[in-house]
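Here is the file query.tsv (TSV, C-alpha atoms).
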```
chain	number	residue	atom	x	y	z
A	2	MET	CA	0.00	0.00	0.00
A	3	VAL	CA	2.86	2.39	0.83
A	4	ALA	CA	4.60	1.63	-2.47
A	5	VAL	CA	1.39	2.12	-4.48
A	6	GLY	CA	0.53	5.32	-2.64
A	7	SER	CA	4.04	6.68	-3.18
A	8	ALA	CA	3.92	5.84	-6.88
A	9	VAL	CA	0.56	7.60	-7.27
A	10	ALA	CA	1.77	10.65	-5.34
A	11	LEU	CA	4.98	10.94	-7.37
A	12	SER	CA	3.33	10.35	-10.74
A	13	GLY	CA	2.32	14.02	-10.93
A	14	CYS	CA	5.79	15.32	-10.07
A	15	SER	CA	8.55	16.36	-12.43
A	16	GLN	CA	11.44	14.03	-13.15
A	17	ALA	CA	13.80	16.22	-11.10
A	18	THR	CA	11.44	16.09	-8.11
A	19	VAL	CA	11.09	12.32	-8.38
A	20	GLU	CA	14.87	11.93	-8.49
A	21	GLN	CA	15.24	14.16	-5.45
A	22	TRP	CA	12.75	12.02	-3.55
A	23	THR	CA	14.86	8.95	-4.37
A	24	ARG	CA	17.71	10.80	-2.60
A	25	TRP	CA	15.42	11.49	0.39
A	26	GLY	CA	15.34	15.23	-0.35
A	27	LEU	CA	19.06	15.77	-0.96
A	28	PRO	CA	20.19	17.78	-4.00
A	29	GLU	CA	22.14	16.05	-6.75
A	30	ALA	CA	25.64	15.29	-5.50
A	31	ALA	CA	28.42	17.56	-6.80
A	32	SER	CA	31.55	16.32	-4.99
A	33	ASP	CA	33.56	13.17	-4.39
A	34	ARG	CA	32.74	13.29	-0.66
A	35	ALA	CA	28.98	13.33	-1.21
A	36	PRO	CA	28.49	9.51	-1.37
A	37	PHE	CA	29.67	9.11	2.24
A	38	ILE	CA	27.01	11.47	3.58
A	39	GLY	CA	24.43	10.39	0.98
A	40	ASN	CA	24.71	6.73	1.95
A	41	LEU	CA	24.54	7.59	5.65
A	42	TRP	CA	21.48	9.78	5.07
A	43	SER	CA	19.68	7.11	3.03
A	44	GLY	CA	20.58	4.37	5.49
A	45	ALA	CA	19.30	6.41	8.41
A	46	TRP	CA	15.99	7.03	6.66
A	47	ILE	CA	15.58	3.35	5.76
A	48	ALA	CA	16.41	2.26	9.31
A	49	SER	CA	14.00	4.85	10.73
A	50	MET	CA	11.20	3.65	8.47
A	51	ILE	CA	11.79	0.01	9.44
A	52	ILE	CA	11.75	0.91	13.14
A	53	GLY	CA	8.69	3.08	12.63
A	54	VAL	CA	6.76	0.30	10.86
A	55	LEU	CA	7.74	-2.13	13.63
A	56	VAL	CA	6.59	0.25	16.37
A	57	TRP	CA	3.34	1.08	14.57
A	58	GLY	CA	2.74	-2.63	14.05
A	59	LEU	CA	3.24	-3.36	17.74
A	60	ILE	CA	0.88	-0.51	18.67
A	61	VAL	CA	-1.84	-1.83	16.34
A	62	TYR	CA	-1.26	-5.37	17.60
A	63	ALA	CA	-1.63	-4.24	21.21
A	64	ILE	CA	-4.79	-2.26	20.41
A	65	ILE	CA	-6.42	-5.28	18.76
A	66	LYS	CA	-5.06	-8.04	20.98
A	67	PHE	CA	-5.65	-6.40	24.32
A	68	ARG	CA	-8.72	-4.30	23.61
A	69	ARG	CA	-11.37	-4.27	26.29
A	70	LYS	CA	-14.09	-6.77	25.43
A	71	SER	CA	-16.58	-5.91	28.15
A	72	HIS	CA	-17.20	-3.21	30.71
A	73	ASP	CA	-16.67	-5.65	33.58
A	74	GLU	CA	-13.34	-6.98	32.34
A	75	THR	CA	-10.18	-5.76	34.07
A	76	PRO	CA	-6.86	-6.24	32.27
A	77	LYS	CA	-4.35	-8.53	33.94
A	78	GLN	CA	-2.07	-6.53	36.22
A	79	THR	CA	1.68	-7.31	36.33
A	80	GLN	CA	4.35	-5.68	38.47
A	81	TYR	CA	7.08	-6.18	35.88
A	82	HIS	CA	7.93	-8.08	32.69
A	83	VAL	CA	11.64	-8.84	32.60
A	84	PRO	CA	11.95	-9.92	28.91
A	85	MET	CA	10.08	-6.81	27.76
A	86	GLU	CA	12.15	-4.51	29.97
A	87	VAL	CA	15.39	-6.05	28.71
A	88	LEU	CA	14.16	-5.70	25.13
A	89	TYR	CA	13.27	-2.01	25.30
A	90	THR	CA	16.55	-1.30	27.12
A	91	LEU	CA	18.85	-3.14	24.69
A	92	VAL	CA	17.19	-2.22	21.40
A	93	PRO	CA	17.84	1.55	21.72
A	94	PHE	CA	21.49	0.82	22.54
A	95	LEU	CA	21.69	-1.43	19.48
A	96	ILE	CA	20.19	1.29	17.26
A	97	ILE	CA	22.55	3.94	18.64
A	98	GLY	CA	25.55	1.64	18.25
A	99	VAL	CA	24.78	0.88	14.59
A	100	LEU	CA	24.18	4.54	13.76
A	101	PHE	CA	27.38	5.52	15.58
A	102	PHE	CA	29.42	2.96	13.63
A	103	PHE	CA	28.22	4.14	10.23
A	104	THR	CA	28.47	7.81	11.26
A	105	VAL	CA	32.13	7.38	12.18
A	106	GLN	CA	32.78	5.65	8.85
A	107	ALA	CA	31.14	8.53	6.96
A	108	GLN	CA	33.05	11.11	9.02
A	109	ASN	CA	36.36	9.42	8.31
A	110	GLY	CA	35.51	9.34	4.61
A	111	VAL	CA	34.65	13.02	4.24
A	112	LEU	CA	37.61	14.18	6.36
A	113	ALA	CA	40.21	12.00	4.62
A	114	LYS	CA	42.94	14.00	2.88
A	115	THR	CA	43.43	13.63	-0.84
A	116	GLU	CA	46.31	11.51	-2.10
A	117	ALA	CA	47.16	14.11	-4.75
A	118	GLU	CA	50.59	15.71	-4.17
A	119	ASN	CA	49.70	19.33	-4.96
A	120	PRO	CA	45.98	20.01	-4.58
A	121	HIS	CA	44.65	23.49	-5.28
A	122	GLN	CA	44.58	25.39	-2.00
A	123	ILE	CA	42.03	28.01	-1.05
A	124	ASP	CA	42.12	29.84	2.29
A	125	VAL	CA	38.60	30.72	3.42
A	126	ILE	CA	37.96	33.48	5.95
A	127	GLY	CA	34.53	33.87	7.50
A	128	GLN	CA	33.75	37.35	8.79
A	129	LYS	CA	30.73	39.34	9.91
A	130	TRP	CA	28.96	38.94	7.54
A	131	SER	CA	30.44	37.50	4.39
A	132	TRP	CA	33.32	35.40	3.07
A	133	SER	CA	36.79	36.06	1.67
A	134	PHE	CA	38.83	33.62	-0.42
A	135	ASN	CA	42.60	33.37	-0.93
A	136	TYR	CA	43.59	31.35	-4.00
A	137	ARG	CA	47.07	29.88	-3.44
A	138	GLU	CA	48.13	29.57	-7.07
A	139	ALA	CA	51.63	31.12	-7.06
A	140	ALA	CA	53.16	27.69	-7.71
A	141	ASN	CA	50.67	26.94	-10.48
A	142	PRO	CA	52.46	27.69	-13.81
A	143	ALA	CA	49.11	28.28	-15.50
A	144	VAL	CA	48.36	31.16	-13.07
A	145	GLY	CA	51.65	32.27	-11.54
A	146	SER	CA	50.36	34.29	-8.58
A	147	ASP	CA	48.00	34.20	-5.64
A	148	ALA	CA	44.71	36.07	-5.79
A	149	HIS	CA	41.81	36.82	-3.51
A	150	THR	CA	38.17	37.84	-3.37
A	151	VAL	CA	36.66	39.86	-0.50
A	152	GLY	CA	32.94	39.57	0.11
A	153	THR	CA	30.69	42.08	1.83
A	154	ILE	CA	27.02	42.22	2.73
A	155	GLU	CA	26.44	44.38	-0.34
A	156	SER	CA	28.64	42.30	-2.65
A	157	ILE	CA	28.18	38.52	-2.66
A	158	PRO	CA	31.56	36.87	-3.38
A	159	THR	CA	32.11	34.11	-5.94
A	160	LEU	CA	34.17	31.03	-5.18
A	161	TYR	CA	35.83	29.51	-8.25
A	162	LEU	CA	36.65	25.79	-8.22
A	163	PRO	CA	38.29	23.50	-10.80
A	164	LEU	CA	36.23	20.58	-12.06
A	165	ASN	CA	37.47	17.08	-11.10
A	166	LYS	CA	40.55	18.50	-9.35
A	167	PRO	CA	41.19	18.15	-5.59
A	168	VAL	CA	40.91	21.33	-3.57
A	169	ARG	CA	42.09	21.87	-0.01
A	170	PHE	CA	40.08	24.41	1.96
A	171	ASN	CA	41.81	26.05	4.93
A	172	LEU	CA	39.20	27.67	7.14
A	173	GLN	CA	39.70	30.59	9.53
A	174	SER	CA	37.38	33.02	11.28
A	175	ALA	CA	37.89	36.75	11.71
A	176	ASP	CA	35.46	37.07	14.61
A	177	VAL	CA	32.87	34.49	15.68
A	178	ILE	CA	32.03	30.89	14.82
A	179	HIS	CA	30.75	30.45	11.26
A	180	SER	CA	30.17	27.29	9.23
A	181	PHE	CA	31.30	26.82	5.62
A	182	TRP	CA	28.64	24.92	3.67
A	183	VAL	CA	27.98	24.08	0.03
A	184	PRO	CA	24.78	21.97	0.20
A	185	ASP	CA	25.46	20.21	-3.11
A	186	PHE	CA	28.78	18.95	-1.71
A	187	TYR	CA	26.90	17.26	1.20
A	188	PHE	CA	29.48	18.62	3.61
A	189	LYS	CA	30.07	21.52	5.96
A	190	LEU	CA	32.71	22.40	8.52
A	191	ASP	CA	32.81	24.95	11.32
A	192	VAL	CA	34.99	28.04	10.99
A	193	ILE	CA	36.20	28.73	14.52
A	194	PRO	CA	38.25	31.75	15.66
A	195	GLY	CA	41.72	30.67	16.77
A	196	HIS	CA	41.17	27.11	15.58
A	197	PRO	CA	41.95	26.61	11.85
A	198	ASN	CA	40.09	23.77	10.15
A	199	SER	CA	40.89	22.05	6.88
A	200	PHE	CA	39.24	19.60	4.51
A	201	ASP	CA	39.71	18.32	0.96
A	202	VAL	CA	37.07	17.95	-1.72
A	203	THR	CA	36.95	17.32	-5.46
A	204	PRO	CA	34.06	19.01	-7.32
A	205	THR	CA	32.54	16.51	-9.74
A	206	LYS	CA	29.75	18.51	-11.36
A	207	PRO	CA	30.19	21.71	-13.40
A	208	GLY	CA	27.86	24.64	-12.93
A	209	ASP	CA	26.73	27.27	-10.45
A	210	PHE	CA	25.91	26.46	-6.84
A	211	LEU	CA	25.07	28.34	-3.67
A	212	GLY	CA	27.17	28.34	-0.51
A	213	LYS	CA	26.15	29.69	2.87
A	214	CYS	CA	26.92	29.88	6.56
A	215	ALA	CA	25.28	27.05	8.50
A	216	GLU	CA	25.95	28.51	11.96
A	217	LEU	CA	23.71	31.17	13.53
A	218	CYS	CA	26.51	33.72	13.85
A	219	GLY	CA	24.85	37.07	14.37
A	220	THR	CA	22.64	39.85	13.04
A	221	TYR	CA	23.20	39.30	9.31
A	222	HIS	CA	23.77	35.55	9.36
A	223	ALA	CA	21.16	35.07	6.62
A	224	GLN	CA	23.21	37.25	4.27
A	225	MET	CA	26.37	35.15	4.61
A	226	VAL	CA	25.98	33.51	1.22
A	227	PHE	CA	28.40	33.06	-1.65
A	228	ASN	CA	28.22	31.82	-5.22
A	229	VAL	CA	30.18	28.77	-6.33
A	230	LYS	CA	31.34	28.32	-9.93
A	231	VAL	CA	32.79	24.92	-10.84
A	232	LEU	CA	34.71	25.30	-14.09
A	233	PRO	CA	37.02	23.18	-16.26
A	234	GLU	CA	40.56	23.68	-15.01
A	235	ALA	CA	41.60	25.93	-17.91
A	236	GLU	CA	38.64	28.25	-17.23
A	237	TYR	CA	39.37	28.18	-13.51
A	238	ASN	CA	42.99	29.23	-14.15
A	239	ALA	CA	41.78	32.04	-16.41
A	240	ALA	CA	39.34	33.28	-13.72
A	241	ILE	CA	42.09	33.39	-11.07
A	242	LYS	CA	44.47	35.18	-13.46
A	243	GLU	CA	41.75	37.75	-14.10
A	244	LEU	CA	41.39	38.35	-10.35
A	245	ALA	CA	45.15	38.85	-10.03
A	246	ALA	CA	45.23	41.15	-13.06
A	247	SER	CA	42.54	43.34	-11.48
A	248	GLY	CA	44.81	43.94	-8.48
A	249	GLN	CA	43.28	41.41	-6.11
A	250	THR	CA	46.63	39.95	-5.04
A	251	GLY	CA	48.38	39.55	-1.71
A	252	ASP	CA	47.39	37.65	1.41
A	253	LEU	CA	44.22	38.17	3.39
A	254	VAL	CA	44.67	37.14	7.01
A	255	ALA	CA	42.26	36.61	9.86
A	256	PRO	CA	43.15	39.02	12.71
A	257	SER	CA	44.11	37.82	16.15
A	258	PHE	CA	41.20	39.63	17.76
A	259	PRO	CA	37.54	39.99	16.70
A	260	THR	CA	36.91	42.46	13.93
A	261	THR	CA	34.53	42.93	11.03
A	262	GLY	CA	36.70	41.57	8.25
A	263	PRO	CA	40.07	40.28	7.13
A	264	LYS	CA	43.05	42.53	6.59
A	265	LYS	CA	45.56	42.58	3.77
A	266	GLU	CA	49.16	42.03	4.85
A	267	GLY	CA	51.60	44.82	4.04
```
Could I get this structure in the form of structure tokens?
Amino acid sequence: MVAVGSAVALSGCSQATVEQWTRWGLPEAASDRAPFIGNLWSGAWIASMIIGVLVWGLIVYAIIKFRRKSHDETPKQTQYHVPMEVLYTLVPFLIIGVLFFFTVQAQNGVLAKTEAENPHQIDVIGQKWSWSFNYREAANPAVGSDAHTVGTIESIPTLYLPLNKPVRFNLQSADVIHSFWVPDFYFKLDVIPGHPNSFDVTPTKPGDFLGKCAELCGTYHAQMVFNVKVLPEAEYNAAIKELAASGQTGDLVAPSFPTTGPKKEG
């Protein structure tokens, strides 16, 4: 009945919507780390549905089996039921243990460093209330210099990424805790003042995406968004060269004490 009802409900939806439902609401994956989180997400939903059906079945069974048959009938009273008490004590621990095991596996997968020798490196600074990006491309012969982009509330920054090439993000905060998130990558990581974080990812889908802050960080948290452009490597190199040619060179650094934005060294 559930399968038939689902098929009828989805028959009036677009193909894109149907595909999203098959991913349990997740967008189409756009990074090499997405399968770890995607599999964990799907597995959790499937496990939850199985547990839910079991619990609903037991509730219906109890309603039918032990329903009151007459006004004079009094249900049998018991002080305790050891097998039942053991069951509802151990089962939650079993569920938690299984979820913990697969969560750790997914975490290890998304946080694993790339085996590539020289990944593209981008330093990300979160500040109230936007993002700044340092492109470390001085050693890249196709670019030849570092470049940066500074975002503001009035000017949404664009993050350029090379398609099918590993990128190492180095995260720092200029003030409070932020969280760097590209939903299509199925991954986010906190940006904590005084505690640099780092992760590697390889974009696997070209196009434009939206990034945002996933941590309630202050007054204009909702405006901490940025655009993401995943381009073939040649186009990525050209975009970074254009930034450098426009004068956006030099290092942006997160200050030692809270402020409202990064500062340019020198």
Given only C-alpha atoms as the basis, pick out the residue of A:Trp132, A:Tyr237, A:Tyr161, A:Phe102 nearest to A:Phe181.
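Checking each candidate against A:Phe181, we get A:Trp132 as the closest.
Counting all atoms listed in the file and comparing A:Ile47, A:Val183, A:Leu91, A:Val144, the residue that lies closest to A:Ile241 is A:Val144.
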Given only C-alpha atoms as the counted atoms, nearest of A:Thr75, A:Pro158, A:Leu95, A:Tyr187 to A:Glu29
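Ranking A:Thr75, A:Pro158, A:Leu95, A:Tyr187 by distance to A:Glu29, first place goes to A:Tyr187.
Relative to atom CA of A:Tyr81, atom CA of A:Ala63 is found at 17.2 Å.
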What is the atom CA of A:Asn171 to atom CA of A:Asp124 distance in Å?
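These atoms are spaced 4.6 Å apart.
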For atom CA of A:Val192 and atom CA of A:Gly127, quote the distance in Å rounded to one decimal.
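Taking atom CA of A:Val192 and atom CA of A:Gly127, their separation equals 6.8 Å.
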Between A:Val92, A:Val56, A:Val99, A:Ser32, which has the minimum distance to A:Gly44 (counting all atoms listed in the file)?
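With all atoms listed in the file as the atom set, the closest residue is A:Val99.
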Option closest in space to A:Ser174, from A:Leu253, A:Phe227, A:Thr153, A:Thr159 [counting all atoms listed in the file]
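Using all atoms listed in the file, A:Ser174 sits closest to A:Leu253.
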Rank nothing, just name the residue among A:Ile126, A:Val151, A:Ile157, A:Ala143 nearest to A:Asn198, using all atoms listed in the file.
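Nearest candidate to A:Asn198 out of A:Ile126, A:Val151, A:Ile157, A:Ala143: A:Ile126.
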Please list as a PDB file with C-alpha atoms, in the frame of the given file every residue within 6 Å of A:Asp185, counting only C-alpha atoms and excluding residues in the same chain fewer than 3 positions away.
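The resulting file, selection.pdb, is reproduced below:
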```pdb
ATOM      1  CA  PRO A  28      20.190  17.780  -4.000  1.00  0.00           C
ATOM      2  CA  ALA A  30      25.640  15.290  -5.500  1.00  0.00           C
ATOM      3  CA  ALA A  31      28.420  17.560  -6.800  1.00  0.00           C
TER       4      ALA A  31
END
```
Taking 3 positions as the minimum chain separation for residues in the same chain, which residues sit within 12 Å of A:Asn165 when counting all atoms listed in the file? Answer as a list in words.
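With the cut-off at 12 Å, the set is Ala31, Ser32, Asp33, Ala117, Pro120, His121, Leu162, Val168, Val202, Thr203, Pro204, Thr205, Lys206, Pro207, Val231, Leu232, Pro233, Glu234, Ala235 and Tyr237 of chain A.
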Show me, as a VMD selection string, the residues that have an atom within 7 Å of A:Val229 when counting only C-alpha atoms, minus same-chain residues fewer than 3 positions from it.
chain A and resid 159 to 161 209 to 212
Pull the neighbourhood of (48.8, 34.7, -1.7) for me: all residues within 8 Å in file coordinates, counting all atoms listed in the file, as a ChimeraX atom specification.
/A:135-139,146-149,250-253
Completion of stretch 31-42 of chain A up to all heavy atoms, as a PDB file, in the coordinates of the input:
```
ATOM      1  N   ALA A  31      27.499  16.810  -5.945  1.00  0.00           N
ATOM      2  CA  ALA A  31      28.420  17.560  -6.800  1.00  0.00           C
ATOM      3  C   ALA A  31      29.859  17.468  -6.308  1.00  0.00           C
ATOM      4  O   ALA A  31      30.684  18.291  -6.683  1.00  0.00           O
ATOM      5  CB  ALA A  31      27.990  19.027  -6.879  1.00  0.00           C
ATOM      6  N   SER A  32      30.175  16.474  -5.472  1.00  0.00           N
ATOM      7  CA  SER A  32      31.550  16.320  -4.990  1.00  0.00           C
ATOM      8  C   SER A  32      31.856  14.860  -4.742  1.00  0.00           C
ATOM      9  O   SER A  32      30.946  14.021  -4.616  1.00  0.00           O
ATOM     10  CB  SER A  32      31.786  17.134  -3.710  1.00  0.00           C
ATOM     11  OG  SER A  32      31.283  16.436  -2.587  1.00  0.00           O
ATOM     12  N   ASP A  33      33.156  14.560  -4.628  1.00  0.00           N
ATOM     13  CA  ASP A  33      33.560  13.170  -4.390  1.00  0.00           C
ATOM     14  C   ASP A  33      33.276  12.729  -2.964  1.00  0.00           C
ATOM     15  O   ASP A  33      33.262  11.532  -2.683  1.00  0.00           O
ATOM     16  CB  ASP A  33      35.056  13.014  -4.693  1.00  0.00           C
ATOM     17  CG  ASP A  33      35.938  13.804  -3.730  1.00  0.00           C
ATOM     18  OD1 ASP A  33      35.493  14.880  -3.260  1.00  0.00           O
ATOM     19  OD2 ASP A  33      37.071  13.362  -3.463  1.00  0.00           O
ATOM     20  N   ARG A  34      33.020  13.656  -2.044  1.00  0.00           N
ATOM     21  CA  ARG A  34      32.740  13.290  -0.660  1.00  0.00           C
ATOM     22  C   ARG A  34      31.250  13.062  -0.413  1.00  0.00           C
ATOM     23  O   ARG A  34      30.856  12.569   0.645  1.00  0.00           O
ATOM     24  CB  ARG A  34      33.271  14.365   0.293  1.00  0.00           C
ATOM     25  CG  ARG A  34      34.752  14.681   0.111  1.00  0.00           C
ATOM     26  CD  ARG A  34      35.598  13.414   0.222  1.00  0.00           C
ATOM     27  NE  ARG A  34      36.947  13.593  -0.252  1.00  0.00           N
ATOM     28  CZ  ARG A  34      37.988  13.820   0.553  1.00  0.00           C
ATOM     29  NH1 ARG A  34      37.800  13.927   1.848  1.00  0.00           N
ATOM     30  NH2 ARG A  34      39.195  13.930   0.051  1.00  0.00           N
ATOM     31  N   ALA A  35      30.424  13.428  -1.388  1.00  0.00           N
ATOM     32  CA  ALA A  35      28.980  13.330  -1.210  1.00  0.00           C
ATOM     33  C   ALA A  35      28.480  11.907  -0.953  1.00  0.00           C
ATOM     34  O   ALA A  35      27.563  11.718  -0.145  1.00  0.00           O
ATOM     35  CB  ALA A  35      28.269  13.932  -2.431  1.00  0.00           C
ATOM     36  N   PRO A  36      29.019  10.860  -1.612  1.00  0.00           N
ATOM     37  CA  PRO A  36      28.490   9.510  -1.370  1.00  0.00           C
ATOM     38  C   PRO A  36      28.558   9.069   0.093  1.00  0.00           C
ATOM     39  O   PRO A  36      27.680   8.329   0.557  1.00  0.00           O
ATOM     40  CB  PRO A  36      29.379   8.624  -2.260  1.00  0.00           C
ATOM     41  CG  PRO A  36      29.815   9.524  -3.371  1.00  0.00           C
ATOM     42  CD  PRO A  36      30.002  10.859  -2.719  1.00  0.00           C
ATOM     43  N   PHE A  37      29.569   9.516   0.838  1.00  0.00           N
ATOM     44  CA  PHE A  37      29.670   9.110   2.240  1.00  0.00           C
ATOM     45  C   PHE A  37      28.461   9.610   3.033  1.00  0.00           C
ATOM     46  O   PHE A  37      27.827   8.853   3.767  1.00  0.00           O
ATOM     47  CB  PHE A  37      30.960   9.661   2.862  1.00  0.00           C
ATOM     48  CG  PHE A  37      32.215   9.126   2.242  1.00  0.00           C
ATOM     49  CD1 PHE A  37      32.977   9.915   1.392  1.00  0.00           C
ATOM     50  CD2 PHE A  37      32.631   7.832   2.494  1.00  0.00           C
ATOM     51  CE1 PHE A  37      34.139   9.432   0.818  1.00  0.00           C
ATOM     52  CE2 PHE A  37      33.791   7.335   1.919  1.00  0.00           C
ATOM     53  CZ  PHE A  37      34.539   8.140   1.077  1.00  0.00           C
ATOM     54  N   ILE A  38      28.151  10.901   2.871  1.00  0.00           N
ATOM     55  CA  ILE A  38      27.010  11.470   3.580  1.00  0.00           C
ATOM     56  C   ILE A  38      25.698  10.981   2.970  1.00  0.00           C
ATOM     57  O   ILE A  38      24.729  10.701   3.687  1.00  0.00           O
ATOM     58  CB  ILE A  38      27.069  13.007   3.544  1.00  0.00           C
ATOM     59  CG1 ILE A  38      28.343  13.501   4.231  1.00  0.00           C
ATOM     60  CG2 ILE A  38      25.846  13.610   4.218  1.00  0.00           C
ATOM     61  CD1 ILE A  38      28.463  13.125   5.691  1.00  0.00           C
ATOM     62  N   GLY A  39      25.648  10.856   1.641  1.00  0.00           N
ATOM     63  CA  GLY A  39      24.430  10.390   0.980  1.00  0.00           C
ATOM     64  C   GLY A  39      24.040   8.990   1.423  1.00  0.00           C
ATOM     65  O   GLY A  39      22.866   8.722   1.704  1.00  0.00           O
ATOM     66  N   ASN A  40      25.007   8.090   1.508  1.00  0.00           N
ATOM     67  CA  ASN A  40      24.710   6.730   1.950  1.00  0.00           C
ATOM     68  C   ASN A  40      24.282   6.699   3.414  1.00  0.00           C
ATOM     69  O   ASN A  40      23.375   5.937   3.789  1.00  0.00           O
ATOM     70  CB  ASN A  40      25.936   5.840   1.749  1.00  0.00           C
ATOM     71  CG  ASN A  40      26.261   5.623   0.276  1.00  0.00           C
ATOM     72  OD1 ASN A  40      25.399   5.761  -0.589  1.00  0.00           O
ATOM     73  ND2 ASN A  40      27.508   5.294  -0.017  1.00  0.00           N
ATOM     74  N   LEU A  41      24.930   7.521   4.240  1.00  0.00           N
ATOM     75  CA  LEU A  41      24.540   7.590   5.650  1.00  0.00           C
ATOM     76  C   LEU A  41      23.121   8.130   5.794  1.00  0.00           C
ATOM     77  O   LEU A  41      22.316   7.606   6.573  1.00  0.00           O
ATOM     78  CB  LEU A  41      25.524   8.483   6.416  1.00  0.00           C
ATOM     79  CG  LEU A  41      25.227   8.699   7.903  1.00  0.00           C
ATOM     80  CD1 LEU A  41      25.349   7.388   8.675  1.00  0.00           C
ATOM     81  CD2 LEU A  41      26.178   9.751   8.491  1.00  0.00           C
ATOM     82  N   TRP A  42      22.819   9.167   5.030  1.00  0.00           N
ATOM     83  CA  TRP A  42      21.480   9.780   5.070  1.00  0.00           C
ATOM     84  C   TRP A  42      20.416   8.781   4.636  1.00  0.00           C
ATOM     85  O   TRP A  42      19.386   8.613   5.310  1.00  0.00           O
ATOM     86  CB  TRP A  42      21.489  11.002   4.148  1.00  0.00           C
ATOM     87  CG  TRP A  42      20.204  11.731   3.980  1.00  0.00           C
ATOM     88  CD1 TRP A  42      19.378  11.665   2.893  1.00  0.00           C
ATOM     89  CD2 TRP A  42      19.578  12.651   4.878  1.00  0.00           C
ATOM     90  NE1 TRP A  42      18.284  12.479   3.053  1.00  0.00           N
ATOM     91  CE2 TRP A  42      18.386  13.105   4.271  1.00  0.00           C
ATOM     92  CE3 TRP A  42      19.926  13.140   6.126  1.00  0.00           C
ATOM     93  CZ2 TRP A  42      17.539  14.012   4.877  1.00  0.00           C
ATOM     94  CZ3 TRP A  42      19.067  14.057   6.737  1.00  0.00           C
ATOM     95  CH2 TRP A  42      17.895  14.472   6.108  1.00  0.00           C
TER      96      TRP A  42
END
```
